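Structure file my_file-v9.pdb with PDB, C-alpha atoms:
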MODEL        1
ATOM      1  CA  MET X1277     137.179  73.655 106.246
ATOM      2  CA  THR X1278     134.444  75.850 104.860
ATOM      3  CA  SER X1279     130.782  75.632 105.598
ATOM      4  CA  SER X1280     130.107  75.120 101.866
ATOM      5  CA  SER X1281     131.809  71.691 102.034
ATOM      6  CA  ARG X1282     129.199  70.497 104.517
ATOM      7  CA  THR X1283     125.731  69.244 103.723
ATOM      8  CA  SER X1284     122.702  69.157 105.988
ATOM      9  CA  ILE X1285     122.276  65.692 107.425
ATOM     10  CA  SER X1286     118.687  65.632 106.267
ATOM     11  CA  ALA X1287     119.853  65.873 102.626
ATOM     12  CA  PHE X1288     121.908  62.672 102.647
ATOM     13  CA  PRO X1289     120.175  59.646 101.109
ATOM     14  CA  ARG X1290     120.123  56.223 102.705
ATOM     15  CA  GLY X1291     123.283  54.358 101.760
ATOM     16  CA  HIS X1292     125.464  57.454 101.445
ATOM     17  CA  GLU X1293     129.030  56.637 102.479
ATOM     18  CA  PHE X1294     131.270  59.281 103.996
ATOM     19  CA  PRO X1295     134.954  59.465 103.120
ATOM     20  CA  PRO X1296     137.129  57.839 105.807
ATOM     21  CA  ALA X1297     138.069  60.290 108.555
ATOM     22  CA  ARG X1298     141.389  59.966 110.339
ATOM     23  CA  PHE X1299     141.957  61.289 113.829
ATOM     24  CA  THR X1300     144.029  60.613 116.924
ATOM     25  CA  LEU X1301     142.901  60.756 120.524
ATOM     26  CA  THR X1302     145.980  61.960 122.338
ATOM     27  CA  ALA X1303     146.507  61.492 126.061
ATOM     28  CA  ALA X1304     145.877  65.236 126.451
ATOM     29  CA  ALA X1305     142.584  64.959 124.573
ATOM     30  CA  VAL X1306     141.498  62.043 126.756
ATOM     31  CA  SER X1307     142.397  64.014 129.888
ATOM     32  CA  ALA X1308     140.394  67.002 128.638
ATOM     33  CA  TYR X1309     137.430  64.720 127.931
ATOM     34  CA  LEU X1310     137.576  63.159 131.406
ATOM     35  CA  ARG X1311     137.855  66.591 133.080
ATOM     36  CA  ALA X1312     134.870  67.834 131.071
ATOM     37  CA  THR X1313     132.697  64.865 131.944
ATOM     38  CA  GLY X1314     133.864  64.889 135.560
ATOM     39  CA  ASP X1315     134.912  61.234 135.362
ATOM     40  CA  PRO X1316     137.557  60.575 138.051
ATOM     41  CA  GLY X1317     138.255  57.046 136.778
ATOM     42  CA  ASP X1318     141.725  55.718 136.035
ATOM     43  CA  TYR X1319     141.675  54.494 132.435
ATOM     44  CA  ARG X1320     145.377  53.500 132.507
ATOM     45  CA  GLY X1321     146.098  54.934 129.083
ATOM     46  CA  ASN X1322     142.940  53.497 127.524
ATOM     47  CA  VAL X1323     140.370  55.637 125.763
ATOM     48  CA  PRO X1324     136.811  55.820 127.120
ATOM     49  CA  PRO X1325     134.758  54.446 124.204
ATOM     50  CA  LEU X1326     132.287  57.320 124.386
ATOM     51  CA  ALA X1327     135.191  59.752 123.979
ATOM     52  CA  ALA X1328     136.093  58.014 120.729
ATOM     53  CA  VAL X1329     132.461  58.155 119.614
ATOM     54  CA  ALA X1330     132.177  61.864 120.496
ATOM     55  CA  LEU X1331     135.382  62.738 118.656
ATOM     56  CA  GLY X1332     134.335  60.493 115.776
ATOM     57  CA  LEU X1333     131.080  62.383 115.441
ATOM     58  CA  ASP X1334     133.089  65.599 115.436
ATOM     59  CA  ALA X1335     135.249  64.225 112.624
ATOM     60  CA  LEU X1336     132.103  63.422 110.629
ATOM     61  CA  GLN X1337     131.005  67.027 110.937
ATOM     62  CA  GLU X1338     133.621  67.855 108.332
ATOM     63  CA  HIS X1339     130.924  66.606 105.950
ATOM     64  CA  ILE X1340     127.683  66.976 107.889
ATOM     65  CA  SER X1341     125.965  70.092 109.136
ATOM     66  CA  LEU X1342     123.190  69.921 111.683
ATOM     67  CA  PRO X1343     120.460  72.469 111.006
ATOM     68  CA  GLN X1344     118.979  74.406 113.901
ATOM     69  CA  GLY X1345     116.422  72.231 115.645
ATOM     70  CA  SER X1346     118.355  68.980 115.162
ATOM     71  CA  LEU X1347     118.207  66.508 118.019
ATOM     72  CA  HIS X1348     120.405  63.550 118.927
ATOM     73  CA  THR X1349     117.713  61.028 119.821
ATOM     74  CA  GLY X1350     119.511  57.695 120.106
ATOM     75  CA  GLN X1351     122.912  56.104 120.454
ATOM     76  CA  GLU X1352     124.269  52.595 120.179
ATOM     77  CA  VAL X1353     127.886  51.692 120.885
ATOM     78  CA  GLU X1354     129.591  48.310 120.749
ATOM     79  CA  HIS X1355     133.145  47.916 122.040
ATOM     80  CA  ALA X1356     135.095  45.264 120.145
ATOM     81  CA  ALA X1357     138.553  46.127 121.438
ATOM     82  CA  THR X1358     140.248  48.558 123.787
ATOM     83  CA  LEU X1359     141.644  51.751 122.288
ATOM     84  CA  ARG X1360     144.862  53.292 123.603
ATOM     85  CA  ALA X1361     145.531  57.018 123.830
ATOM     86  CA  GLY X1362     147.660  57.969 120.851
ATOM     87  CA  ASP X1363     146.213  55.297 118.548
ATOM     88  CA  GLU X1364     145.686  56.507 114.999
ATOM     89  CA  LEU X1365     142.018  55.956 114.305
ATOM     90  CA  VAL X1366     140.068  55.683 111.086
ATOM     91  CA  LEU X1367     136.327  56.226 111.029
ATOM     92  CA  THR X1368     134.191  54.895 108.214
ATOM     93  CA  GLY X1369     130.511  55.713 108.199
ATOM     94  CA  ARG X1370     127.337  55.690 106.196
ATOM     95  CA  ILE X1371     123.693  56.663 106.375
ATOM     96  CA  ALA X1372     122.161  53.338 107.348
ATOM     97  CA  GLN X1373     118.546  54.452 107.645
ATOM     98  CA  ARG X1374     116.538  57.487 106.629
ATOM     99  CA  SER X1375     112.881  58.220 107.143
ATOM    100  CA  GLU X1376     110.678  61.298 107.153
ATOM    101  CA  ARG X1377     107.968  62.211 109.612
ATOM    102  CA  GLN X1378     106.055  65.454 110.094
ATOM    103  CA  GLY X1379     108.659  67.720 108.548
ATOM    104  CA  PHE X1380     111.612  65.999 110.164
ATOM    105  CA  VAL X1381     114.143  63.583 108.732
ATOM    106  CA  ILE X1382     115.329  60.801 111.003
ATOM    107  CA  SER X1383     118.782  59.613 109.967
ATOM    108  CA  VAL X1384     120.822  56.799 111.446
ATOM    109  CA  ILE X1385     124.568  57.202 110.951
ATOM    110  CA  GLU X1386     126.309  53.861 111.269
ATOM    111  CA  PHE X1387     130.057  53.988 111.731
ATOM    112  CA  GLU X1388     133.098  52.031 112.773
ATOM    113  CA  ILE X1389     136.265  53.291 114.405
ATOM    114  CA  ALA X1390     139.300  51.166 113.695
ATOM    115  CA  ALA X1391     142.797  51.189 115.083
ATOM    116  CA  GLY X1392     144.800  49.173 112.599
ATOM    117  CA  ARG X1393     142.864  46.669 110.566
ATOM    118  CA  SER X1394     140.005  45.727 112.848
ATOM    119  CA  ALA X1395     137.081  47.744 114.145
ATOM    120  CA  ALA X1396     137.409  48.665 117.812
ATOM    121  CA  ILE X1397     134.074  50.446 118.070
ATOM    122  CA  ARG X1398     130.858  50.121 116.121
ATOM    123  CA  ALA X1399     128.213  52.768 116.649
ATOM    124  CA  ARG X1400     124.845  53.979 115.421
ATOM    125  CA  THR X1401     123.782  57.560 116.018
ATOM    126  CA  THR X1402     120.192  58.654 115.428
ATOM    127  CA  ILE X1403     119.620  62.294 114.529
ATOM    128  CA  MET X1404     116.253  63.966 113.984
ATOM    129  CA  ALA X1405     116.631  67.089 111.852
ATOM    130  CA  PRO X1406     114.291  69.495 110.107
ATOM    131  CA  ALA X1407     113.729  68.476 106.485
ATOM    132  CA  VAL X1408     115.572  70.505 103.879
ATOM    133  CA  VAL X1409     113.250  73.040 102.255
ATOM    134  CA  ALA X1410     113.858  73.259  98.509
TER
ATOM    135  CA  MET G 744     123.522  36.661 139.168
ATOM    136  CA  SER G 745     124.751  39.943 137.700
ATOM    137  CA  ALA G 746     126.786  42.245 139.926
ATOM    138  CA  SER G 747     125.162  45.366 141.337
ATOM    139  CA  VAL G 748     126.477  48.691 140.081
ATOM    140  CA  GLU G 749     126.959  51.858 142.118
ATOM    141  CA  PRO G 750     125.161  54.884 140.627
ATOM    142  CA  VAL G 751     127.006  58.069 139.691
ATOM    143  CA  VAL G 752     125.397  61.326 140.832
ATOM    144  CA  ARG G 753     126.578  64.635 139.395
ATOM    145  CA  THR G 754     125.289  68.175 139.058
ATOM    146  CA  LEU G 755     125.996  69.599 135.614
ATOM    147  CA  THR G 756     127.022  73.232 135.200
ATOM    148  CA  GLN G 757     127.179  75.606 132.259
ATOM    149  CA  ALA G 758     130.963  75.664 132.694
ATOM    150  CA  GLN G 759     130.962  71.892 132.274
ATOM    151  CA  LEU G 760     128.930  72.188 129.066
ATOM    152  CA  GLN G 761     131.508  74.648 127.738
ATOM    153  CA  ALA G 762     134.371  72.358 128.750
ATOM    154  CA  TYR G 763     132.672  69.418 127.041
ATOM    155  CA  ALA G 764     132.128  71.502 123.895
ATOM    156  CA  ASP G 765     135.848  72.299 123.839
ATOM    157  CA  ALA G 766     136.841  68.666 124.481
ATOM    158  CA  SER G 767     134.435  67.126 121.961
ATOM    159  CA  GLY G 768     134.390  69.847 119.309
ATOM    160  CA  ASP G 769     130.588  70.121 119.537
ATOM    161  CA  HIS G 770     129.990  73.865 119.887
ATOM    162  CA  ASN G 771     126.323  73.769 118.845
ATOM    163  CA  PRO G 772     124.918  77.025 120.280
ATOM    164  CA  ILE G 773     122.053  75.177 121.959
ATOM    165  CA  HIS G 774     124.690  73.935 124.425
ATOM    166  CA  VAL G 775     126.942  76.961 124.877
ATOM    167  CA  ASP G 776     125.201  80.185 123.781
ATOM    168  CA  GLU G 777     122.762  81.159 126.518
ATOM    169  CA  GLU G 778     121.293  84.104 124.600
ATOM    170  CA  PHE G 779     120.685  81.966 121.517
ATOM    171  CA  ALA G 780     119.262  79.112 123.570
ATOM    172  CA  ARG G 781     116.743  81.385 125.324
ATOM    173  CA  GLY G 782     115.118  81.922 121.920
ATOM    174  CA  THR G 783     114.631  78.205 121.260
ATOM    175  CA  PRO G 784     111.771  75.947 122.418
ATOM    176  CA  PHE G 785     114.081  74.763 125.234
ATOM    177  CA  GLY G 786     114.218  78.288 126.694
ATOM    178  CA  GLY G 787     117.870  77.875 127.660
ATOM    179  CA  THR G 788     120.943  75.800 127.102
ATOM    180  CA  ILE G 789     120.805  72.033 127.345
ATOM    181  CA  ALA G 790     123.597  69.530 127.911
ATOM    182  CA  HIS G 791     125.089  67.512 125.078
ATOM    183  CA  GLY G 792     123.408  64.110 125.068
ATOM    184  CA  MET G 793     126.829  62.495 124.878
ATOM    185  CA  LEU G 794     127.937  64.369 128.011
ATOM    186  CA  VAL G 795     125.022  62.967 130.000
ATOM    187  CA  LEU G 796     125.551  59.528 128.465
ATOM    188  CA  ALA G 797     129.171  59.683 129.656
ATOM    189  CA  LEU G 798     127.829  59.264 133.203
ATOM    190  CA  ILE G 799     126.538  55.818 132.238
ATOM    191  CA  GLY G 800     129.891  55.013 130.678
ATOM    192  CA  GLU G 801     131.560  56.101 133.919
ATOM    193  CA  THR G 802     129.187  53.950 135.964
ATOM    194  CA  MET G 803     129.912  50.856 133.895
ATOM    195  CA  HIS G 804     133.676  51.471 133.804
ATOM    196  CA  GLU G 805     133.729  51.925 137.575
ATOM    197  CA  ALA G 806     131.976  48.562 137.974
ATOM    198  CA  PHE G 807     133.711  46.492 135.290
ATOM    199  CA  GLY G 808     136.965  48.272 134.391
ATOM    200  CA  GLU G 809     138.699  47.018 131.253
ATOM    201  CA  ARG G 810     136.019  44.359 130.728
ATOM    202  CA  TRP G 811     133.620  47.214 129.969
ATOM    203  CA  LEU G 812     136.089  48.918 127.650
ATOM    204  CA  ALA G 813     136.732  45.727 125.659
ATOM    205  CA  THR G 814     133.312  44.025 125.596
ATOM    206  CA  GLY G 815     130.642  46.562 126.518
ATOM    207  CA  LYS G 816     127.571  47.419 124.498
ATOM    208  CA  LEU G 817     125.218  50.305 125.020
ATOM    209  CA  LYS G 818     121.896  51.121 123.374
ATOM    210  CA  VAL G 819     119.980  54.152 124.599
ATOM    211  CA  ARG G 820     117.384  56.715 123.701
ATOM    212  CA  PHE G 821     117.627  60.349 124.735
ATOM    213  CA  LYS G 822     114.225  61.039 126.270
ATOM    214  CA  ALA G 823     114.409  64.572 127.707
ATOM    215  CA  PRO G 824     116.843  67.476 127.819
ATOM    216  CA  THR G 825     119.275  67.989 130.686
ATOM    217  CA  ARG G 826     119.758  71.573 131.836
ATOM    218  CA  PRO G 827     122.630  73.266 133.673
ATOM    219  CA  GLY G 828     121.936  72.905 137.392
ATOM    220  CA  ASP G 829     120.297  69.509 137.004
ATOM    221  CA  THR G 830     121.560  66.792 139.322
ATOM    222  CA  VAL G 831     121.765  63.631 137.251
ATOM    223  CA  THR G 832     121.777  60.121 138.660
ATOM    224  CA  ALA G 833     123.169  57.491 136.285
ATOM    225  CA  SER G 834     122.242  53.962 137.276
ATOM    226  CA  ALA G 835     122.478  50.408 135.992
ATOM    227  CA  GLU G 836     120.189  47.710 137.352
ATOM    228  CA  PRO G 837     120.841  44.023 136.652
ATOM    229  CA  ALA G 838     118.332  42.762 134.095
ATOM    230  CA  LYS G 839     119.421  39.271 133.075
ATOM    231  CA  GLN G 840     122.440  37.112 132.448
ATOM    232  CA  ASN G 841     122.835  34.420 129.832
ATOM    233  CA  ASP G 842     125.336  33.093 127.292
ATOM    234  CA  GLY G 843     128.165  34.681 129.239
ATOM    235  CA  VAL G 844     126.707  38.174 128.947
ATOM    236  CA  ALA G 845     125.298  40.296 131.765
ATOM    237  CA  GLU G 846     122.602  42.772 130.791
ATOM    238  CA  TYR G 847     121.700  45.935 132.684
ATOM    239  CA  ALA G 848     118.840  48.400 132.407
ATOM    240  CA  VAL G 849     120.551  51.788 132.378
ATOM    241  CA  GLN G 850     119.147  55.225 132.822
ATOM    242  CA  CYS G 851     119.912  58.815 133.721
ATOM    243  CA  ALA G 852     117.302  60.718 135.705
ATOM    244  CA  ASN G 853     117.243  64.257 137.032
ATOM    245  CA  GLN G 854     116.466  65.500 140.555
ATOM    246  CA  HIS G 855     112.740  65.462 139.743
ATOM    247  CA  GLY G 856     112.827  61.798 138.776
ATOM    248  CA  GLU G 857     112.397  62.624 135.084
ATOM    249  CA  VAL G 858     114.102  60.049 132.877
ATOM    250  CA  LEU G 859     116.625  61.726 130.581
ATOM    251  CA  ILE G 860     118.258  58.672 129.016
ATOM    252  CA  GLU G 861     117.037  55.094 129.032
ATOM    253  CA  GLY G 862     118.339  51.878 127.541
ATOM    254  CA  ARG G 863     120.333  48.688 127.927
ATOM    255  CA  ALA G 864     123.983  47.887 128.501
ATOM    256  CA  THR G 865     125.684  44.530 128.281
ATOM    257  CA  VAL G 866     129.119  43.339 129.314
ATOM    258  CA  ALA G 867     130.831  39.973 129.145
ATOM    259  CA  ALA G 868     130.270  38.059 132.367
ATOM    260  CA  ALA G 869     133.313  37.455 134.571
TER
ENDMDL
END
What would you get if you wrote out this structure as structure tokens?
Amino acid sequence: MTSSSRTSISAFPRGHEFPPARFTLTAAAVSAYLRATGDPGDYRGNVPPLAAVALGLDALQEHISLPQGSLHTGQEVEHAATLRAGDELVLTGRIAQRSERQGFVISVIEFEIAAGRSAAIRARTTIMAPAVVA
Amino acid sequence: MSASVEPVVRTLTQAQLQAYADASGDHNPIHVDEEFARGTPFGGTIAHGMLVLALIGETMHEAFGERWLATGKLKVRFKAPTRPGDTVTASAEPAKQNDGVAEYAVQCANQHGEVLIEGRATVAAA
């Protein structure tokens, strides 16, 4: 991946659809996530939904760059099914909303993470980023 | 009546921010580069919002187990930055229950009582 393949989030128009991103949350990745967050819970081979969202956002960063000064200001997550460690996941996402205010662009990335045919997680991430200067 | 939920209390460290960056792939320097972060309006590193939010996820999973994983919903706003050394309390207070869904007011607050994250969580009633 090169930085030239990524575009500032503030440059994406409303309605832009990102190419599907495929990723797998292995048992080792889930363990690393739980150690990092300090969560001592026993998930019995299931994936914490916020781990899937965090890794999904990382997968989206193949296309999106966040300029200095960007802030993650809101998050919505809906769990539709339980994910298992090792599931092959497909993320599809789009820019659902975009507005500008005082030199900042507020973008809402709406995405789904599916294992198989049906969505297991639906999420909306709000990012406030400096507007792109032409 | 909705079940009460035990809060999670945890002090975040810079080492934890680094570990979360490695686990999540989010190596934004505002979280992991102390020299860079000192030159920003925050004056130092701040925790990933998703790391702090994970404490609410932990709280709800501890209370509801797989029911949370399969039916939970979360909607929050990040209100203030969390800094290394902050002791964060993640809590969920019963708000209402109807149509088979229990709703909770969730928040994370630091040791000064400052609200860092605030929102709502729902889970299918037992």
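Selection result for the displayed file, with the PyMOL selection byres ((chain G) within 7 of (chain X)) as criterion, is Gln759, Ala762, Tyr763, Ala766, Ser767, Gly768, Asp769, Gly792, Met793, Leu794, Ala797, Glu801, Glu805, Leu812, Ala813, Thr814, Gly815, Lys816, Leu817, Lys818, Val819, Arg820 and Phe821 of chain G.
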Just need the box for segment 770-773 of chain G, edges along x, y and z, holding every atom the file lists for it with 4 Å tacked onto each side, so centre and edge lengths in Å to one decimal, as lines of an AutoDock Vina configuration file.
center_x = 126.0
center_y = 75.4
center_z = 120.4
size_x = 15.9
size_y = 11.3
size_z = 11.1
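Atom CA of Ile1285 of chain X lies 18.0 Å from atom CA of His791 of chain G.
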inquiry  = I'd like to see the residues matched by the PyMOL selection byres ((chain X and resi 1292) around 6) on this file, and ideally I'd get them as a ChimeraX atom specification.
reply    = /X:1289-1291,1293,1370-1371
query = the PyMOL selection byres ((chain G and resi 867) around 8) on the file shown: which residues, as a PyMOL selection string?
reply = chain G and resi 810-811+814-815+843-845+865-866+868-869
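Between atom CA of Gly1369 of chain X and atom CA of Phe1288 of chain X there is a distance of 12.4 Å.
Between atom CA of Ser1284 of chain X and atom CA of Ile1403 of chain X lies a distance of 11.4 Å.
Candidate residues G:Thr825, G:Asp765, G:Gln757, G:Ala806 were compared for distance to Ile789 of chain G, and the nearest is G:Thr825, using all atoms listed in the file.
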If you keep N, CA and C atoms, can you output segment 1363-1381 of chain X as a short mmCIF file (atom, residue, chain, number, x, y, z; two decimals), in the first residue's frame?
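Writing the result to selection-v4.cif gives the following:
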data_model
loop_
_atom_site.label_atom_id
_atom_site.label_comp_id
_atom_site.auth_asym_id
_atom_site.auth_seq_id
_atom_site.Cartn_x
_atom_site.Cartn_y
_atom_site.Cartn_z
N ASP X 1363 -13.54 -16.17 11.44
CA ASP X 1363 -14.49 -15.89 10.36
C ASP X 1363 -13.84 -14.99 9.30
N GLU X 1364 -14.12 -15.27 8.06
CA GLU X 1364 -13.69 -14.38 6.99
C GLU X 1364 -14.75 -13.29 6.84
N LEU X 1365 -14.31 -12.06 6.99
CA LEU X 1365 -15.24 -10.94 7.06
C LEU X 1365 -15.10 -10.05 5.82
N VAL X 1366 -16.22 -9.49 5.42
CA VAL X 1366 -16.22 -8.55 4.30
C VAL X 1366 -16.89 -7.26 4.78
N LEU X 1367 -16.16 -6.17 4.61
CA LEU X 1367 -16.69 -4.86 5.00
C LEU X 1367 -17.09 -4.10 3.75
N THR X 1368 -18.30 -3.58 3.76
CA THR X 1368 -18.72 -2.67 2.69
C THR X 1368 -19.12 -1.35 3.35
N GLY X 1369 -18.65 -0.26 2.77
CA GLY X 1369 -18.91 1.03 3.42
C GLY X 1369 -19.06 2.16 2.44
N ARG X 1370 -19.62 3.25 2.94
CA ARG X 1370 -19.89 4.40 2.11
C ARG X 1370 -19.88 5.66 2.98
N ILE X 1371 -19.76 6.79 2.32
CA ILE X 1371 -19.91 8.07 3.01
C ILE X 1371 -21.40 8.37 3.04
N ALA X 1372 -22.00 8.26 4.19
CA ALA X 1372 -23.46 8.42 4.31
C ALA X 1372 -23.86 9.88 4.48
N GLN X 1373 -23.02 10.65 5.12
CA GLN X 1373 -23.32 12.07 5.32
C GLN X 1373 -22.03 12.86 5.21
N ARG X 1374 -22.16 14.09 4.77
CA ARG X 1374 -21.00 14.98 4.71
C ARG X 1374 -21.49 16.41 4.87
N SER X 1375 -20.88 17.13 5.78
CA SER X 1375 -21.23 18.53 5.95
C SER X 1375 -19.96 19.31 6.28
N GLU X 1376 -20.01 20.60 6.09
CA GLU X 1376 -18.85 21.44 6.38
C GLU X 1376 -19.23 22.50 7.39
N ARG X 1377 -18.28 22.76 8.31
CA ARG X 1377 -18.53 23.77 9.33
C ARG X 1377 -17.20 24.35 9.81
N GLN X 1378 -17.03 25.63 9.63
CA GLN X 1378 -15.89 26.36 10.17
C GLN X 1378 -14.55 25.71 9.83
N GLY X 1379 -14.39 25.37 8.55
CA GLY X 1379 -13.11 24.82 8.10
C GLY X 1379 -12.93 23.35 8.34
N PHE X 1380 -13.95 22.70 8.87
CA PHE X 1380 -13.89 21.26 9.10
C PHE X 1380 -14.97 20.56 8.29
N VAL X 1381 -14.66 19.34 7.88
CA VAL X 1381 -15.63 18.49 7.20
C VAL X 1381 -16.03 17.40 8.17
#
